[in-house]
Structure formats: structure tokens, C-alpha cells
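K.L.:
See final28.pdb below, with PDB, C-alpha atoms and all ligand atoms.
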ATOM      1  CA  MET A1475     108.752 -41.355 -50.134
ATOM      2  CA  LEU A1476     111.571 -40.440 -52.475
ATOM      3  CA  LEU A1477     113.840 -42.974 -54.120
ATOM      4  CA  ARG A1478     117.179 -41.847 -55.487
ATOM      5  CA  GLY A1479     118.858 -43.896 -58.183
ATOM      6  CA  ASP A1480     117.760 -47.134 -59.808
ATOM      7  CA  HIS A1481     115.134 -49.165 -57.968
ATOM      8  CA  VAL A1482     112.333 -51.618 -58.670
ATOM      9  CA  VAL A1483     109.037 -51.216 -56.819
ATOM     10  CA  GLU A1484     106.702 -54.213 -56.671
ATOM     11  CA  ASP A1485     102.989 -53.418 -56.316
ATOM     12  CA  ASP A1486     100.299 -55.444 -54.523
ATOM     13  CA  ALA A1487      99.644 -57.467 -57.702
ATOM     14  CA  GLY A1488     103.292 -58.402 -57.986
ATOM     15  CA  VAL A1489     103.923 -56.139 -60.967
ATOM     16  CA  ARG A1490     107.400 -54.656 -60.921
ATOM     17  CA  HIS A1491     107.927 -50.985 -61.776
ATOM     18  CA  ARG A1492     111.424 -49.751 -62.513
ATOM     19  CA  THR A1493     112.374 -46.165 -61.733
ATOM     20  CA  VAL A1494     113.238 -44.080 -64.780
ATOM     21  CA  ARG A1495     114.204 -40.783 -63.132
ATOM     22  CA  PRO A1496     117.105 -39.774 -60.907
ATOM     23  CA  VAL A1497     114.564 -39.178 -58.097
ATOM     24  CA  SER A1498     111.170 -40.943 -58.004
ATOM     25  CA  ALA A1499     108.296 -40.334 -55.571
ATOM     26  CA  VAL A1500     106.387 -43.410 -54.413
ATOM     27  CA  CYS A1501     102.717 -42.902 -53.545
ATOM     28  CA  ARG A1502     101.938 -43.514 -49.881
ATOM     29  CA  CYS A1503      98.286 -42.427 -49.906
ATOM     30  CA  GLY A1504      97.047 -45.004 -52.434
ATOM     31  CA  ARG A1505      95.066 -42.393 -54.426
ATOM     32  CA  SER A1506      97.535 -41.636 -57.208
ATOM     33  CA  GLY A1507      96.402 -42.064 -60.805
ATOM     34  CA  THR A1508      99.890 -43.268 -61.677
ATOM     35  CA  LEU A1509     100.475 -45.891 -58.976
ATOM     36  CA  PRO A1510     102.936 -46.801 -57.662
ATOM     37  CA  TRP A1511     104.234 -43.292 -58.321
ATOM     38  CA  CYS A1512     102.992 -40.147 -56.601
ATOM     39  CA  ASP A1513     101.107 -37.707 -58.857
ATOM     40  CA  SER A1514     100.457 -35.197 -56.033
ATOM     41  CA  THR A1515      96.829 -36.274 -55.578
ATOM     42  CA  HIS A1516      97.626 -36.499 -51.855
ATOM     43  CA  ARG A1517      97.526 -32.691 -51.750
ATOM     44  CA  LEU A1518      93.764 -32.818 -52.345
ATOM     45  CA  LEU A1519      93.160 -35.000 -49.284
ATOM     46  CA  PRO A1520      92.168 -33.574 -45.911
ATOM     47  CA  ARG A1521      95.267 -33.004 -43.806
ATOM     48  CA  GLU A1522      94.436 -35.870 -41.415
ATOM     49  CA  GLN A1523      94.319 -38.348 -44.349
ATOM     50  CA  ARG A1524      97.632 -37.343 -45.892
ATOM     51  CA  PRO A1525     100.533 -39.738 -45.488
TER      52      PRO A1525
HETATM   53  S1  LIG A1601     101.361 -39.845 -51.917
HETATM   54 FE1  LIG A1601      99.727 -40.605 -53.063
HETATM   55  S2  LIG A1601      99.575 -39.187 -54.674
HETATM   56 FE2  LIG A1601     101.220 -38.484 -53.529
END
Write the structure described by the file as C-alpha cells, please.

P.N.:
Amino acid sequence: MLLRGDHVVEDDAGVRHRTVRPVSAVCRCGRSGTLPWCDSTHRLLPREQRP
């Protein structure tokens, strides 16, 4: 999921993460090493497990 502009994403623990780029990708697979942001780890998942 791509966010354009300034946004704040709140994770499951209630921690708020502010976007710092013009376009930010939010992880939807839950496997990113940089949650809540996508680090492209989803590409390593089997196709049926990708978001
Ligand atoms: S969607 Fe989770 S790493 Fe990209």
C-alpha cells in the first residue's frame, strides 16, 4: 500500500510512525524488517502468501 504525502501510521503496539518520504510503502505481509514500512521482503514469499 502506498501513501502519498504526510501521514502517521500507528502499529499494533500503538507506536506512531510518521512518513518521511513523498511516497511511503506500508508493509501488508507482516514480514518486513522495517515495520511498518515495506522493505520488499514480500517478494521472497510464495506467490499465494503475498499480499
Ligand atoms: S509488503 Fe511486507 S515487506 Fe513488502

K.L.:
Find the residues of chain A that sit at most 7 Å from ligand LIG 1601 (chain A); for each, write down the nearest two atoms and how far apart they are in Å, to one decimal. Count all atoms listed in the file. Sort by chain, then by number going up, and give it as CSV.

P.N.:
residue,atom,partner,partner_atom,distance
A:Val1500,CA,A:LIG1601,S1,6.6
A:Cys1501,CA,A:LIG1601,S1,3.7
A:Arg1502,CA,A:LIG1601,S1,4.2
A:Cys1503,CA,A:LIG1601,FE1,3.9
A:Gly1504,CA,A:LIG1601,FE1,5.2
A:Arg1505,CA,A:LIG1601,FE1,5.2
A:Ser1506,CA,A:LIG1601,S2,4.1
A:Cys1512,CA,A:LIG1601,FE2,3.9
A:Asp1513,CA,A:LIG1601,S2,4.7
A:Ser1514,CA,A:LIG1601,FE2,4.2
A:Thr1515,CA,A:LIG1601,S2,4.1
A:His1516,CA,A:LIG1601,S2,4.4
A:Pro1525,CA,A:LIG1601,S1,6.5

K.L.:
Residues at most 9 Å from A:Asp1485, counting all atoms listed in the file, excluding those fewer than 6 positions away in the same chain, as a VMD selection string?

P.N.:
chain A and resid 1491 1509 to 1510

K.L.:
Which of these, A:Glu1484, A:Leu1518, A:Leu1476, A:Arg1524, has the shortest distance to A:Val1497 once you count all atoms listed in the file?

P.N.:
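Going through A:Glu1484, A:Leu1518, A:Leu1476, A:Arg1524 one by one, the smallest distance to A:Val1497 is for A:Leu1476.
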
K.L.:
What lies within 8 Å of A:Ser1498 using only C-alpha atoms, ignoring chain neighbours under 2 positions off, as an MDAnalysis selection string?

P.N.:
chainID A and resid 1476:1478 1493:1496 1500 1511

K.L.:
Quick one, how far is atom CA of A:Pro1520 from atom CA of A:Val1483?

P.N.:
26.7 Å

K.L.:
Please complete stretch 1512-1523 of chain A so it has all heavy atoms, and hand it over as a PDB file, keeping the file's coordinate frame.

P.N.:
ATOM      1  N   CYS A1512     103.770 -41.282 -57.106  1.00  0.00           N
ATOM      2  CA  CYS A1512     102.992 -40.147 -56.601  1.00  0.00           C
ATOM      3  C   CYS A1512     102.721 -39.174 -57.754  1.00  0.00           C
ATOM      4  O   CYS A1512     103.624 -38.846 -58.522  1.00  0.00           O
ATOM      5  CB  CYS A1512     103.787 -39.437 -55.506  1.00  0.00           C
ATOM      6  SG  CYS A1512     103.068 -37.892 -54.943  1.00  0.00           S
ATOM      7  N   ASP A1513     101.449 -38.749 -57.879  1.00  0.00           N
ATOM      8  CA  ASP A1513     101.107 -37.707 -58.857  1.00  0.00           C
ATOM      9  C   ASP A1513     100.581 -36.459 -58.155  1.00  0.00           C
ATOM     10  O   ASP A1513      99.923 -35.628 -58.761  1.00  0.00           O
ATOM     11  CB  ASP A1513     100.104 -38.235 -59.883  1.00  0.00           C
ATOM     12  CG  ASP A1513      98.740 -38.529 -59.267  1.00  0.00           C
ATOM     13  OD1 ASP A1513      98.581 -38.386 -58.028  1.00  0.00           O
ATOM     14  OD2 ASP A1513      97.830 -38.897 -60.029  1.00  0.00           O
ATOM     15  N   SER A1514     100.834 -36.346 -56.885  1.00  0.00           N
ATOM     16  CA  SER A1514     100.457 -35.197 -56.033  1.00  0.00           C
ATOM     17  C   SER A1514      98.976 -35.158 -55.675  1.00  0.00           C
ATOM     18  O   SER A1514      98.509 -34.168 -55.135  1.00  0.00           O
ATOM     19  CB  SER A1514     100.886 -33.859 -56.658  1.00  0.00           C
ATOM     20  OG  SER A1514     102.293 -33.827 -56.786  1.00  0.00           O
ATOM     21  N   THR A1515      98.232 -36.214 -55.986  1.00  0.00           N
ATOM     22  CA  THR A1515      96.829 -36.274 -55.578  1.00  0.00           C
ATOM     23  C   THR A1515      96.690 -36.138 -54.068  1.00  0.00           C
ATOM     24  O   THR A1515      95.686 -35.620 -53.573  1.00  0.00           O
ATOM     25  CB  THR A1515      96.194 -37.592 -56.057  1.00  0.00           C
ATOM     26  OG1 THR A1515      96.231 -37.621 -57.484  1.00  0.00           O
ATOM     27  CG2 THR A1515      94.758 -37.736 -55.589  1.00  0.00           C
ATOM     28  N   HIS A1516      97.694 -36.566 -53.325  1.00  0.00           N
ATOM     29  CA  HIS A1516      97.626 -36.499 -51.855  1.00  0.00           C
ATOM     30  C   HIS A1516      97.374 -35.071 -51.375  1.00  0.00           C
ATOM     31  O   HIS A1516      96.817 -34.868 -50.302  1.00  0.00           O
ATOM     32  CB  HIS A1516      98.916 -37.045 -51.226  1.00  0.00           C
ATOM     33  CG  HIS A1516     100.135 -36.263 -51.584  1.00  0.00           C
ATOM     34  ND1 HIS A1516     100.921 -36.552 -52.674  1.00  0.00           N
ATOM     35  CD2 HIS A1516     100.666 -35.173 -50.989  1.00  0.00           C
ATOM     36  CE1 HIS A1516     101.918 -35.679 -52.729  1.00  0.00           C
ATOM     37  NE2 HIS A1516     101.785 -34.832 -51.718  1.00  0.00           N
ATOM     38  N   ARG A1517      97.720 -34.089 -52.161  1.00  0.00           N
ATOM     39  CA  ARG A1517      97.526 -32.691 -51.750  1.00  0.00           C
ATOM     40  C   ARG A1517      96.050 -32.320 -51.676  1.00  0.00           C
ATOM     41  O   ARG A1517      95.694 -31.323 -51.055  1.00  0.00           O
ATOM     42  CB  ARG A1517      98.239 -31.756 -52.729  1.00  0.00           C
ATOM     43  CG  ARG A1517      99.739 -31.905 -52.676  1.00  0.00           C
ATOM     44  CD  ARG A1517     100.402 -30.955 -53.614  1.00  0.00           C
ATOM     45  NE  ARG A1517     101.846 -31.161 -53.605  1.00  0.00           N
ATOM     46  CZ  ARG A1517     102.671 -30.664 -54.492  1.00  0.00           C
ATOM     47  NH1 ARG A1517     102.207 -29.908 -55.475  1.00  0.00           N
ATOM     48  NH2 ARG A1517     103.954 -30.890 -54.426  1.00  0.00           N
ATOM     49  N   LEU A1518      95.193 -33.101 -52.348  1.00  0.00           N
ATOM     50  CA  LEU A1518      93.764 -32.818 -52.345  1.00  0.00           C
ATOM     51  C   LEU A1518      93.056 -33.451 -51.149  1.00  0.00           C
ATOM     52  O   LEU A1518      91.896 -33.156 -50.897  1.00  0.00           O
ATOM     53  CB  LEU A1518      93.125 -33.346 -53.638  1.00  0.00           C
ATOM     54  CG  LEU A1518      93.718 -32.811 -54.937  1.00  0.00           C
ATOM     55  CD1 LEU A1518      93.070 -33.488 -56.138  1.00  0.00           C
ATOM     56  CD2 LEU A1518      93.573 -31.299 -55.019  1.00  0.00           C
ATOM     57  N   LEU A1519      93.760 -34.310 -50.420  1.00  0.00           N
ATOM     58  CA  LEU A1519      93.160 -35.000 -49.284  1.00  0.00           C
ATOM     59  C   LEU A1519      93.138 -34.096 -48.063  1.00  0.00           C
ATOM     60  O   LEU A1519      94.000 -33.229 -47.912  1.00  0.00           O
ATOM     61  CB  LEU A1519      93.975 -36.258 -48.949  1.00  0.00           C
ATOM     62  CG  LEU A1519      94.044 -37.327 -50.039  1.00  0.00           C
ATOM     63  CD1 LEU A1519      95.008 -38.431 -49.618  1.00  0.00           C
ATOM     64  CD2 LEU A1519      92.680 -37.882 -50.342  1.00  0.00           C
ATOM     65  N   PRO A1520      92.144 -34.301 -47.177  1.00  0.00           N
ATOM     66  CA  PRO A1520      92.168 -33.574 -45.911  1.00  0.00           C
ATOM     67  C   PRO A1520      93.478 -33.864 -45.179  1.00  0.00           C
ATOM     68  O   PRO A1520      94.021 -34.963 -45.286  1.00  0.00           O
ATOM     69  CB  PRO A1520      90.972 -34.163 -45.144  1.00  0.00           C
ATOM     70  CG  PRO A1520      90.100 -34.774 -46.191  1.00  0.00           C
ATOM     71  CD  PRO A1520      91.020 -35.209 -47.299  1.00  0.00           C
ATOM     72  N   ARG A1521      93.946 -32.888 -44.460  1.00  0.00           N
ATOM     73  CA  ARG A1521      95.267 -33.004 -43.806  1.00  0.00           C
ATOM     74  C   ARG A1521      95.394 -34.288 -42.983  1.00  0.00           C
ATOM     75  O   ARG A1521      96.437 -34.927 -43.018  1.00  0.00           O
ATOM     76  CB  ARG A1521      95.516 -31.772 -42.931  1.00  0.00           C
ATOM     77  CG  ARG A1521      96.886 -31.774 -42.285  1.00  0.00           C
ATOM     78  CD  ARG A1521      97.207 -30.450 -41.652  1.00  0.00           C
ATOM     79  NE  ARG A1521      97.254 -29.356 -42.619  1.00  0.00           N
ATOM     80  CZ  ARG A1521      98.295 -29.074 -43.402  1.00  0.00           C
ATOM     81  NH1 ARG A1521      99.371 -29.820 -43.331  1.00  0.00           N
ATOM     82  NH2 ARG A1521      98.262 -28.079 -44.240  1.00  0.00           N
ATOM     83  N   GLU A1522      94.342 -34.691 -42.283  1.00  0.00           N
ATOM     84  CA  GLU A1522      94.436 -35.870 -41.415  1.00  0.00           C
ATOM     85  C   GLU A1522      94.499 -37.175 -42.208  1.00  0.00           C
ATOM     86  O   GLU A1522      94.828 -38.219 -41.654  1.00  0.00           O
ATOM     87  CB  GLU A1522      93.273 -35.918 -40.421  1.00  0.00           C
ATOM     88  CG  GLU A1522      91.899 -36.069 -41.042  1.00  0.00           C
ATOM     89  CD  GLU A1522      91.293 -34.735 -41.472  1.00  0.00           C
ATOM     90  OE1 GLU A1522      91.978 -33.700 -41.413  1.00  0.00           O
ATOM     91  OE2 GLU A1522      90.116 -34.746 -41.867  1.00  0.00           O
ATOM     92  N   GLN A1523      94.237 -37.135 -43.518  1.00  0.00           N
ATOM     93  CA  GLN A1523      94.319 -38.348 -44.349  1.00  0.00           C
ATOM     94  C   GLN A1523      95.588 -38.396 -45.187  1.00  0.00           C
ATOM     95  O   GLN A1523      95.816 -39.367 -45.897  1.00  0.00           O
ATOM     96  CB  GLN A1523      93.099 -38.438 -45.278  1.00  0.00           C
ATOM     97  CG  GLN A1523      91.810 -38.666 -44.543  1.00  0.00           C
ATOM     98  CD  GLN A1523      90.627 -38.771 -45.484  1.00  0.00           C
ATOM     99  OE1 GLN A1523      90.770 -39.028 -46.665  1.00  0.00           O
ATOM    100  NE2 GLN A1523      89.439 -38.554 -44.941  1.00  0.00           N
TER     101      GLN A1523
END
